[in-house]
>>> print(open('data_28.txt').read())   # compact mmCIF, C-alpha atoms
# COMPACT_ATOMS: atom_id res chain seq x y z
CA MET B 1 4.04 6.70 -1.51
CA GLN B 2 1.01 6.29 -3.74
CA PRO B 3 -2.00 4.79 -1.91
CA THR B 4 -1.83 1.09 -2.69
CA PHE B 5 -4.62 -1.48 -2.83
CA LEU B 6 -4.07 -4.29 -0.29
CA PRO B 7 -0.39 -3.27 0.08
CA TRP B 8 2.43 -5.71 0.68
CA THR B 9 4.11 -6.07 4.05
CA GLY B 10 7.09 -3.86 3.17
CA TYR B 11 4.77 -0.94 2.39
CA MET B 12 3.28 -1.14 5.87
CA ALA B 13 6.75 -1.57 7.39
CA LEU B 14 7.93 1.64 5.70
CA MET B 15 4.90 3.45 7.11
CA ASP B 16 5.77 2.14 10.58
CA HIS B 17 9.44 3.16 10.20
CA VAL B 18 8.99 6.86 9.44
CA ASP B 19 7.82 9.85 11.51
CA GLU B 20 5.28 10.97 8.92
CA PHE B 21 3.89 9.15 5.89
CA VAL B 22 2.56 11.10 2.90
CA PHE B 23 0.05 9.55 0.50
CA LEU B 24 0.95 10.78 -2.98
CA ASP B 25 -2.63 11.05 -4.20
CA HIS B 26 -2.57 14.04 -6.57
CA VAL B 27 -0.29 12.51 -9.23
CA GLN B 28 -1.49 10.77 -12.39
CA PHE B 29 -3.13 7.38 -11.98
CA ASP B 30 -1.46 4.50 -13.79
CA LYS B 31 -4.02 1.90 -14.82
CA ARG B 32 -3.29 -1.66 -13.70
CA SER B 33 -0.76 -0.40 -11.16
CA TRP B 34 -0.42 -1.23 -7.46
CA GLN B 35 -3.07 1.39 -6.74
CA GLN B 36 -5.64 -0.83 -8.41
CA ARG B 37 -4.46 -4.38 -7.79
CA ASN B 38 -2.34 -6.67 -5.65
CA ARG B 39 -1.69 -10.35 -5.06
CA ILE B 40 -2.78 -12.99 -2.58
CA ARG B 41 -1.36 -16.49 -2.06
CA THR B 42 -3.37 -19.40 -3.39
CA SER B 43 -2.69 -23.13 -3.61
CA ASN B 44 -1.70 -22.53 -7.24
CA GLY B 45 0.60 -19.60 -6.49
CA PRO B 46 0.01 -15.85 -6.53
CA GLN B 47 -3.33 -14.52 -7.77
CA TRP B 48 -4.10 -10.94 -8.75
CA LEU B 49 -7.05 -9.14 -7.19
CA THR B 50 -8.02 -6.10 -9.28
CA VAL B 51 -10.44 -3.29 -8.50
CA PRO B 52 -12.36 -2.29 -11.67
CA VAL B 53 -12.18 1.45 -12.31
CA ILE B 54 -13.62 3.91 -14.80
CA SER B 55 -10.73 4.97 -17.04
CA ARG B 56 -12.11 5.48 -20.55
CA GLY B 57 -11.35 9.04 -21.60
CA LYS B 58 -9.60 9.72 -18.29
CA SER B 59 -5.97 9.00 -19.12
CA ASP B 60 -4.72 12.05 -17.21
CA GLN B 61 -6.84 11.68 -14.08
CA ALA B 62 -5.24 12.02 -10.67
CA ILE B 63 -5.31 9.10 -8.26
CA ARG B 64 -7.68 10.94 -5.93
CA ASN B 65 -10.26 11.27 -8.73
CA VAL B 66 -10.39 7.63 -9.88
CA LEU B 67 -13.86 6.12 -9.62
CA ILE B 68 -14.56 2.45 -8.92
CA ASN B 69 -16.64 0.80 -11.62
CA ARG B 70 -19.43 -0.62 -9.48
CA GLU B 71 -21.27 -1.85 -12.59
CA THR B 72 -18.59 -4.46 -13.25
CA PRO B 73 -20.16 -7.92 -12.81
CA ASP B 74 -19.12 -9.87 -9.72
CA PHE B 75 -17.29 -7.06 -7.96
CA PRO B 76 -16.72 -7.30 -5.06
CA ARG B 77 -18.34 -10.72 -4.68
CA LYS B 78 -15.74 -12.45 -6.84
CA MET B 79 -12.86 -10.83 -4.96
CA ILE B 80 -14.31 -11.82 -1.60
CA GLY B 81 -14.75 -15.37 -2.89
CA ALA B 82 -11.09 -15.52 -3.95
CA ILE B 83 -9.92 -14.40 -0.50
CA GLU B 84 -12.26 -16.86 1.18
CA HIS B 85 -11.06 -19.72 -1.02
CA SER B 86 -7.41 -18.92 -0.33
CA TYR B 87 -7.53 -18.21 3.40
CA SER B 88 -10.58 -19.91 4.93
CA LYS B 89 -8.28 -22.52 6.51
CA ALA B 90 -5.73 -19.97 7.73
CA ALA B 91 -5.33 -19.78 11.50
CA PHE B 92 -6.73 -16.25 11.87
CA TYR B 93 -9.16 -16.08 8.95
CA LYS B 94 -12.18 -15.73 11.23
CA ASP B 95 -10.53 -12.88 13.13
CA TYR B 96 -10.18 -10.61 10.09
CA ALA B 97 -12.26 -11.81 7.15
CA GLU B 98 -15.54 -10.20 8.17
CA ASP B 99 -13.98 -6.75 8.58
CA VAL B 100 -12.10 -6.95 5.28
CA PHE B 101 -15.19 -8.13 3.42
CA SER B 102 -17.22 -5.34 4.99
CA ILE B 103 -14.79 -2.72 3.65
CA LEU B 104 -14.74 -4.27 0.17
CA SER B 105 -18.56 -4.35 0.13
CA ARG B 106 -19.09 -0.73 1.14
CA ASP B 107 -20.68 1.65 -1.33
CA ILE B 108 -17.43 3.55 -1.86
CA SER B 109 -17.21 5.58 -5.05
CA HIS B 110 -13.49 6.45 -5.19
CA LEU B 111 -10.55 4.05 -5.37
CA LEU B 112 -8.55 6.28 -3.01
CA ASP B 113 -11.19 5.97 -0.29
CA LEU B 114 -11.27 2.18 -0.62
CA ASN B 115 -7.48 1.95 -0.42
CA ILE B 116 -7.29 4.27 2.58
CA ALA B 117 -10.02 2.31 4.39
CA LEU B 118 -8.11 -0.95 3.87
CA ILE B 119 -4.78 0.61 4.85
CA GLY B 120 -6.46 1.99 7.97
CA PHE B 121 -7.62 -1.51 8.85
CA PHE B 122 -4.08 -2.86 8.45
CA ARG B 123 -2.60 0.03 10.44
CA ALA B 124 -4.84 -0.77 13.39
CA ARG B 125 -4.08 -4.52 13.34
CA LEU B 126 -0.33 -3.93 13.03
CA ASP B 127 -0.24 -1.23 15.71
CA ILE B 128 1.05 1.45 13.35
CA ASP B 129 0.40 4.94 14.69
CA THR B 130 2.49 6.99 12.26
CA PRO B 131 0.75 10.26 11.33
CA VAL B 132 -0.32 10.42 7.67
CA ALA B 133 -0.88 13.29 5.24
CA PHE B 134 -2.10 13.69 1.65
CA SER B 135 -0.15 15.48 -1.07
CA SER B 136 -3.42 16.77 -2.56
CA ARG B 137 -3.91 18.89 0.55
CA MET B 138 -0.48 20.51 0.24
CA THR B 139 0.78 23.45 -1.78
CA VAL B 140 3.42 21.58 -3.76
CA GLY B 141 4.49 21.32 -7.38
CA GLY B 142 7.01 19.82 -9.77
CA ARG B 143 7.60 16.24 -10.80
CA LYS B 144 9.57 13.29 -9.46
CA ALA B 145 12.48 14.47 -7.29
CA ALA B 146 11.37 18.12 -7.38
CA LEU B 147 7.90 17.16 -6.15
CA LEU B 148 9.23 14.91 -3.39
CA ALA B 149 11.65 17.57 -2.20
CA ASP B 150 8.83 20.12 -2.18
CA ILE B 151 6.69 17.80 -0.05
CA CYS B 152 9.59 17.29 2.35
CA ARG B 153 10.02 21.06 2.71
CA GLU B 154 6.34 21.53 3.49
CA CYS B 155 6.48 18.75 6.08
CA GLY B 156 9.61 20.18 7.66
CA ALA B 157 11.46 16.93 7.02
CA GLU B 158 15.04 16.50 8.20
CA ILE B 159 15.54 13.23 6.29
CA TYR B 160 13.63 11.68 3.39
CA ILE B 161 13.19 7.91 3.61
CA SER B 162 12.71 6.59 0.08
CA PRO B 163 11.80 3.16 -1.24
CA PRO B 164 14.77 1.74 -3.18
CA GLY B 165 12.83 1.77 -6.45
CA SER B 166 13.33 5.55 -6.66
CA LYS B 167 17.11 5.38 -6.22
CA ASP B 168 18.09 5.81 -9.89
CA TYR B 169 16.28 9.07 -10.50
CA LEU B 170 16.89 10.47 -7.00
CA ASP B 171 20.64 9.84 -7.21
CA ALA B 172 20.68 11.67 -10.56
CA ALA B 173 18.77 14.67 -9.21
CA ASP B 174 20.05 17.56 -7.11
CA GLU B 175 16.79 18.86 -5.60
CA PHE B 176 17.31 17.21 -2.23
CA GLU B 177 20.90 18.42 -1.98
CA GLU B 178 19.73 21.94 -2.76
CA ALA B 179 17.04 21.61 -0.07
CA GLY B 180 19.58 20.35 2.46
CA ILE B 181 17.57 17.18 3.06
CA PRO B 182 19.56 13.90 2.98
CA VAL B 183 17.96 10.89 1.31
CA HIS B 184 18.08 7.50 3.00
CA TYR B 185 16.84 4.34 1.29
CA PHE B 186 14.55 1.97 3.10
CA VAL B 187 15.92 -1.56 3.04
CA TYR B 188 13.51 -4.35 3.89
CA ASP B 189 14.59 -7.95 4.39
CA HIS B 190 11.36 -9.79 3.69
CA PRO B 191 10.55 -12.05 6.66
CA ALA B 192 8.99 -15.46 6.10
CA TRP B 193 6.00 -16.96 7.92
CA PRO B 194 3.95 -20.16 7.70
CA GLN B 195 1.45 -19.96 4.84
CA VAL B 196 -1.51 -22.31 4.85
CA GLN B 197 -1.11 -22.93 1.11
CA GLY B 198 2.41 -24.41 1.23
CA ASP B 199 5.96 -23.16 0.66
CA PHE B 200 6.47 -19.49 1.44
CA GLU B 201 5.70 -17.04 -1.35
CA PRO B 202 7.00 -13.48 -0.68
CA PHE B 203 5.60 -10.11 -1.79
CA MET B 204 1.95 -10.97 -1.27
CA SER B 205 -0.56 -8.53 0.22
CA VAL B 206 -0.09 -7.95 3.94
CA LEU B 207 -3.48 -9.67 4.21
CA ASP B 208 -1.53 -12.94 3.90
CA LEU B 209 0.54 -12.10 6.96
CA LEU B 210 -2.52 -11.21 9.02
CA MET B 211 -4.54 -14.26 8.04
CA ASN B 212 -1.69 -16.62 8.83
CA CYS B 213 -0.09 -14.97 11.87
CA GLY B 214 -2.73 -12.87 13.59
CA PRO B 215 -1.49 -10.95 16.67
CA GLU B 216 2.12 -11.82 15.79
CA ALA B 217 1.85 -10.06 12.41
CA GLY B 218 3.19 -6.71 13.65
CA ARG B 219 6.25 -8.28 15.25
CA ILE B 220 6.99 -10.33 12.14
CA MET B 221 6.56 -7.30 9.89
CA ARG B 222 9.08 -5.31 11.94
CA GLU B 223 11.66 -8.10 11.77
CA GLY B 224 12.36 -7.13 8.18
CA ILE B 225 13.19 -3.47 8.89
CA ARG B 226 16.93 -2.89 8.55
CA HIS B 227 17.91 0.08 10.67
CA PRO B 228 20.91 2.16 9.46
>>> encode(input="data_28.txt", output="structure tokens")
Amino acid sequence: MQPTFLPWTGYMALMDHVDEFVFLDHVQFDKRSWQQRNRIRTSNGPQWLTVPVISRGKSDQAIRNVLINRETPDFPRKMIGAIEHSYSKAAFYKDYAEDVFSILSRDISHLLDLNIALIGFFRARLDIDTPVAFSSRMTVGGRKAALLADICRECGAEIYISPPGSKDYLDAADEFEEAGIPVHYFVYDHPAWPQVQGDFEPFMSVLDLLMNCGPEAGRIMREGIRHP
């Protein structure tokens, strides 16, 4: 999976479900993708939080090379303010806000490092101990299914657990069959939890789950994992 900014609960659940999780960080960065932005719940509905990056003249840059634009006015102050406004009345805001704001305020130059720092924070709070690896540190090649199969070979995988969004092109490819590695699709039944802002809104950043549910967040996250 590509390293996502403030990932949603299902992303963290997939990480918890597998034996090894590989960050796909050497592929081309897609501006205004999940690597750069995500959503939080506000009283007016979902709100995007976007990390400003330097992209002019860098259309082919890999995710690992993307630089945060620290000269953008109000970043990260504006983002911190949005989180504070949305969650200051949440039951566990005081337990997590300071640590999240500290990560967002660090003098981090690369988007990848910011995302990994935040994901590391979520891993610890959700008790996820799955080993992780980075595709940029592997000797792999190809695109799409060929690349994924190559990564699985290098990891010694017996089964590849894929998010359902890749089903169309994986079902049409034969690389995994040739590698002798079966593909299983991760199915996640999104759990619901009390949100301080009102009726439940799914597919928000996992930050929403933590702020509202605290120590119960890991248990709630795992409720959505459908085991084959």
>>> residues_around(input="data_28.txt", residues="B:Gln197", least_positions_apart="5", cutoff="8 Å", atoms="all atoms listed in the file", output="PyMOL selection string")
chain B and resi 41-43+86
>>> closest_residue(input="data_28.txt", among="B:Ile116, B:Met12, B:Ile128, B:Ile40", to="B:Phe200", atoms="all atoms listed in the file")
B:Ile40
>>> closest_residue(input="data_28.txt", among="B:Asp189, B:Asp107, B:Asp74, B:Asp199", to="B:Gly224", atoms="only C-alpha atoms")
B:Asp189
>>> residues_near_point(input="data_28.txt", point="(6.2, -13.5, -2.9)", cutoff="12 Å", atoms="only C-alpha atoms", output="PyMOL selection string")
chain B and resi 8-10+38-42+45-47+190-193+195+199-206+208-209
>>> atom_distance(input="data_28.txt", atom1="atom CA of B:Gly141", atom2="atom CA of B:Met15")
23.0 Å
>>> atom_distance(input="data_28.txt", atom1="atom CA of B:Leu126", atom2="atom CA of B:Leu210")
8.6 Å
>>> closest_residue(input="data_28.txt", among="B:Gln36, B:Thr50, B:Gln2, B:Gln28", to="B:Arg143", atoms="only C-alpha atoms")
B:Gln28
>>> residues_around(input="data_28.txt", residues="B:Lys89", least_positions_apart="4", cutoff="10 Å", atoms="all atoms listed in the file", output="VMD selection string")
chain B and resid 84 to 85 93 to 94 196 to 197 211 to 212
>>> atom_distance(input="data_28.txt", atom1="atom CA of B:Leu6", atom2="atom CA of B:Gly198")
21.2 Å
>>> closest_residue(input="data_28.txt", among="B:Ala90, B:Ala172, B:Leu49, B:Val132", to="B:Leu104", atoms="only C-alpha atoms")
B:Leu49
>>> closest_residue(input="data_28.txt", among="B:Thr139, B:Ser105, B:Thr130, B:Thr4", to="B:Ile63", atoms="only C-alpha atoms")
B:Thr4
>>> closest_residue(input="data_28.txt", among="B:Ala97, B:Ile119, B:Ala13, B:Ala173", to="B:Ala146", atoms="all atoms listed in the file")
B:Ala173
>>> residues_around(input="data_28.txt", residues="B:Glu178", least_positions_apart="4", cutoff="12 Å", atoms="only C-alpha atoms", output="VMD selection string")
chain B and resid 145 to 146 149 to 150 153 173 to 174 182 to 183
>>> residues_near_point(input="data_28.txt", point="(-5.6, 12.8, -15.6)", cutoff="10 Å", atoms="all atoms listed in the file", output="list in words")
His26, Val27, Gln28, Phe29, Asp30, Ser55, Gly57, Lys58, Ser59, Asp60, Gln61, Ala62, Ile63, Asn65 and Val66 of chain B
>>> decode(input="data_28.txt", residues="stretch 105-147 of chain B", atoms="N, CA and C atoms", output="PDB file, in the first residue's frame")
ATOM      1  N   SER B 105       3.934  19.413  13.541  1.00  0.00           N
ATOM      2  CA  SER B 105       4.747  20.625  13.686  1.00  0.00           C
ATOM      3  C   SER B 105       6.246  20.379  13.517  1.00  0.00           C
ATOM      4  N   ARG B 106       6.648  19.140  13.429  1.00  0.00           N
ATOM      5  CA  ARG B 106       8.074  18.847  13.299  1.00  0.00           C
ATOM      6  C   ARG B 106       8.634  19.426  11.992  1.00  0.00           C
ATOM      7  N   ASP B 107       9.906  19.681  12.002  1.00  0.00           N
ATOM      8  CA  ASP B 107      10.589  20.183  10.805  1.00  0.00           C
ATOM      9  C   ASP B 107      10.953  18.992   9.920  1.00  0.00           C
ATOM     10  N   ILE B 108       9.944  18.403   9.328  1.00  0.00           N
ATOM     11  CA  ILE B 108      10.112  17.226   8.468  1.00  0.00           C
ATOM     12  C   ILE B 108      10.103  17.696   7.018  1.00  0.00           C
ATOM     13  N   SER B 109      11.073  17.289   6.248  1.00  0.00           N
ATOM     14  CA  SER B 109      11.187  17.777   4.876  1.00  0.00           C
ATOM     15  C   SER B 109      10.389  16.944   3.876  1.00  0.00           C
ATOM     16  N   HIS B 110      10.294  15.639   4.090  1.00  0.00           N
ATOM     17  CA  HIS B 110       9.665  14.752   3.110  1.00  0.00           C
ATOM     18  C   HIS B 110       8.276  14.290   3.560  1.00  0.00           C
ATOM     19  N   LEU B 111       7.351  14.253   2.611  1.00  0.00           N
ATOM     20  CA  LEU B 111       5.996  13.795   2.886  1.00  0.00           C
ATOM     21  C   LEU B 111       5.997  12.367   3.408  1.00  0.00           C
ATOM     22  N   LEU B 112       6.833  11.506   2.851  1.00  0.00           N
ATOM     23  CA  LEU B 112       6.900  10.120   3.301  1.00  0.00           C
ATOM     24  C   LEU B 112       7.209  10.041   4.791  1.00  0.00           C
ATOM     25  N   ASP B 113       8.164  10.831   5.241  1.00  0.00           N
ATOM     26  CA  ASP B 113       8.562  10.781   6.653  1.00  0.00           C
ATOM     27  C   ASP B 113       7.441  11.260   7.568  1.00  0.00           C
ATOM     28  N   LEU B 114       6.690  12.267   7.122  1.00  0.00           N
ATOM     29  CA  LEU B 114       5.547  12.730   7.908  1.00  0.00           C
ATOM     30  C   LEU B 114       4.488  11.635   7.999  1.00  0.00           C
ATOM     31  N   ASN B 115       4.170  11.022   6.859  1.00  0.00           N
ATOM     32  CA  ASN B 115       3.152   9.978   6.846  1.00  0.00           C
ATOM     33  C   ASN B 115       3.549   8.789   7.711  1.00  0.00           C
ATOM     34  N   ILE B 116       4.817   8.385   7.619  1.00  0.00           N
ATOM     35  CA  ILE B 116       5.280   7.241   8.397  1.00  0.00           C
ATOM     36  C   ILE B 116       5.271   7.568   9.890  1.00  0.00           C
ATOM     37  N   ALA B 117       5.607   8.791  10.254  1.00  0.00           N
ATOM     38  CA  ALA B 117       5.565   9.193  11.664  1.00  0.00           C
ATOM     39  C   ALA B 117       4.134   9.112  12.206  1.00  0.00           C
ATOM     40  N   LEU B 118       3.176   9.600  11.427  1.00  0.00           N
ATOM     41  CA  LEU B 118       1.774   9.553  11.858  1.00  0.00           C
ATOM     42  C   LEU B 118       1.262   8.114  11.913  1.00  0.00           C
ATOM     43  N   ILE B 119       1.601   7.321  10.901  1.00  0.00           N
ATOM     44  CA  ILE B 119       1.185   5.922  10.898  1.00  0.00           C
ATOM     45  C   ILE B 119       1.794   5.194  12.090  1.00  0.00           C
ATOM     46  N   GLY B 120       3.036   5.510  12.425  1.00  0.00           N
ATOM     47  CA  GLY B 120       3.672   4.911  13.588  1.00  0.00           C
ATOM     48  C   GLY B 120       2.936   5.250  14.875  1.00  0.00           C
ATOM     49  N   PHE B 121       2.474   6.483  14.969  1.00  0.00           N
ATOM     50  CA  PHE B 121       1.687   6.896  16.131  1.00  0.00           C
ATOM     51  C   PHE B 121       0.405   6.078  16.218  1.00  0.00           C
ATOM     52  N   PHE B 122      -0.295   5.915  15.093  1.00  0.00           N
ATOM     53  CA  PHE B 122      -1.536   5.140  15.090  1.00  0.00           C
ATOM     54  C   PHE B 122      -1.267   3.669  15.394  1.00  0.00           C
ATOM     55  N   ARG B 123      -0.201   3.122  14.837  1.00  0.00           N
ATOM     56  CA  ARG B 123       0.153   1.725  15.110  1.00  0.00           C
ATOM     57  C   ARG B 123       0.286   1.477  16.613  1.00  0.00           C
ATOM     58  N   ALA B 124       0.996   2.378  17.278  1.00  0.00           N
ATOM     59  CA  ALA B 124       1.226   2.206  18.710  1.00  0.00           C
ATOM     60  C   ALA B 124      -0.081   2.271  19.495  1.00  0.00           C
ATOM     61  N   ARG B 125      -0.959   3.210  19.148  1.00  0.00           N
ATOM     62  CA  ARG B 125      -2.216   3.383  19.899  1.00  0.00           C
ATOM     63  C   ARG B 125      -3.207   2.274  19.607  1.00  0.00           C
ATOM     64  N   LEU B 126      -3.088   1.626  18.458  1.00  0.00           N
ATOM     65  CA  LEU B 126      -4.004   0.552  18.085  1.00  0.00           C
ATOM     66  C   LEU B 126      -3.413  -0.832  18.341  1.00  0.00           C
ATOM     67  N   ASP B 127      -2.230  -0.857  18.938  1.00  0.00           N
ATOM     68  CA  ASP B 127      -1.549  -2.121  19.260  1.00  0.00           C
ATOM     69  C   ASP B 127      -1.318  -2.979  18.023  1.00  0.00           C
ATOM     70  N   ILE B 128      -0.834  -2.350  16.961  1.00  0.00           N
ATOM     71  CA  ILE B 128      -0.491  -3.066  15.733  1.00  0.00           C
ATOM     72  C   ILE B 128       1.017  -3.293  15.719  1.00  0.00           C
ATOM     73  N   ASP B 129       1.424  -4.556  15.691  1.00  0.00           N
ATOM     74  CA  ASP B 129       2.851  -4.868  15.716  1.00  0.00           C
ATOM     75  C   ASP B 129       3.329  -5.573  14.444  1.00  0.00           C
ATOM     76  N   THR B 130       2.562  -5.473  13.378  1.00  0.00           N
ATOM     77  CA  THR B 130       2.936  -6.080  12.103  1.00  0.00           C
ATOM     78  C   THR B 130       4.253  -5.501  11.598  1.00  0.00           C
ATOM     79  N   PRO B 131       5.218  -6.343  11.212  1.00  0.00           N
ATOM     80  CA  PRO B 131       6.450  -5.826  10.624  1.00  0.00           C
ATOM     81  C   PRO B 131       6.158  -5.076   9.319  1.00  0.00           C
ATOM     82  N   VAL B 132       6.915  -4.014   9.061  1.00  0.00           N
ATOM     83  CA  VAL B 132       6.726  -3.239   7.835  1.00  0.00           C
ATOM     84  C   VAL B 132       8.025  -3.211   7.036  1.00  0.00           C
ATOM     85  N   ALA B 133       7.887  -2.993   5.726  1.00  0.00           N
ATOM     86  CA  ALA B 133       9.035  -2.889   4.829  1.00  0.00           C
ATOM     87  C   ALA B 133       8.726  -1.791   3.814  1.00  0.00           C
ATOM     88  N   PHE B 134       9.746  -1.410   3.045  1.00  0.00           N
ATOM     89  CA  PHE B 134       9.603  -0.347   2.047  1.00  0.00           C
ATOM     90  C   PHE B 134      10.036  -0.878   0.682  1.00  0.00           C
ATOM     91  N   SER B 135       9.201  -0.676  -0.311  1.00  0.00           N
ATOM     92  CA  SER B 135       9.521  -1.175  -1.649  1.00  0.00           C
ATOM     93  C   SER B 135      10.794  -0.543  -2.207  1.00  0.00           C
ATOM     94  N   SER B 136      11.099   0.694  -1.789  1.00  0.00           N
ATOM     95  CA  SER B 136      12.286   1.382  -2.290  1.00  0.00           C
ATOM     96  C   SER B 136      13.580   0.715  -1.828  1.00  0.00           C
ATOM     97  N   ARG B 137      13.485  -0.135  -0.835  1.00  0.00           N
ATOM     98  CA  ARG B 137      14.668  -0.829  -0.318  1.00  0.00           C
ATOM     99  C   ARG B 137      14.764  -2.249  -0.864  1.00  0.00           C
ATOM    100  N   MET B 138      13.908  -2.571  -1.830  1.00  0.00           N
ATOM    101  CA  MET B 138      13.894  -3.901  -2.427  1.00  0.00           C
ATOM    102  C   MET B 138      14.432  -3.845  -3.853  1.00  0.00           C
ATOM    103  N   THR B 139      14.801  -5.001  -4.362  1.00  0.00           N
ATOM    104  CA  THR B 139      15.228  -5.117  -5.756  1.00  0.00           C
ATOM    105  C   THR B 139      14.055  -5.657  -6.553  1.00  0.00           C
ATOM    106  N   VAL B 140      13.149  -4.765  -6.916  1.00  0.00           N
ATOM    107  CA  VAL B 140      11.925  -5.173  -7.612  1.00  0.00           C
ATOM    108  C   VAL B 140      11.718  -4.274  -8.821  1.00  0.00           C
ATOM    109  N   GLY B 141      10.903  -4.753  -9.751  1.00  0.00           N
ATOM    110  CA  GLY B 141      10.620  -3.972 -10.953  1.00  0.00           C
ATOM    111  C   GLY B 141       9.238  -4.271 -11.490  1.00  0.00           C
ATOM    112  N   GLY B 142       8.932  -3.689 -12.648  1.00  0.00           N
ATOM    113  CA  GLY B 142       7.627  -3.894 -13.262  1.00  0.00           C
ATOM    114  C   GLY B 142       6.610  -2.873 -12.795  1.00  0.00           C
ATOM    115  N   ARG B 143       5.391  -3.047 -13.274  1.00  0.00           N
ATOM    116  CA  ARG B 143       4.291  -2.161 -12.921  1.00  0.00           C
ATOM    117  C   ARG B 143       3.085  -2.978 -12.501  1.00  0.00           C
ATOM    118  N   LYS B 144       2.222  -2.355 -11.719  1.00  0.00           N
ATOM    119  CA  LYS B 144       0.952  -2.942 -11.303  1.00  0.00           C
ATOM    120  C   LYS B 144       1.128  -4.378 -10.818  1.00  0.00           C
ATOM    121  N   ALA B 145       0.440  -5.339 -11.447  1.00  0.00           N
ATOM    122  CA  ALA B 145       0.458  -6.712 -10.951  1.00  0.00           C
ATOM    123  C   ALA B 145       1.859  -7.303 -10.963  1.00  0.00           C
ATOM    124  N   ALA B 146       2.641  -6.984 -11.995  1.00  0.00           N
ATOM    125  CA  ALA B 146       4.003  -7.517 -12.083  1.00  0.00           C
ATOM    126  C   ALA B 146       4.855  -7.026 -10.914  1.00  0.00           C
ATOM    127  N   LEU B 147       4.707  -5.750 -10.575  1.00  0.00           N
ATOM    128  CA  LEU B 147       5.452  -5.188  -9.450  1.00  0.00           C
ATOM    129  C   LEU B 147       5.029  -5.838  -8.137  1.00  0.00           C
TER     130      LEU B 147
END
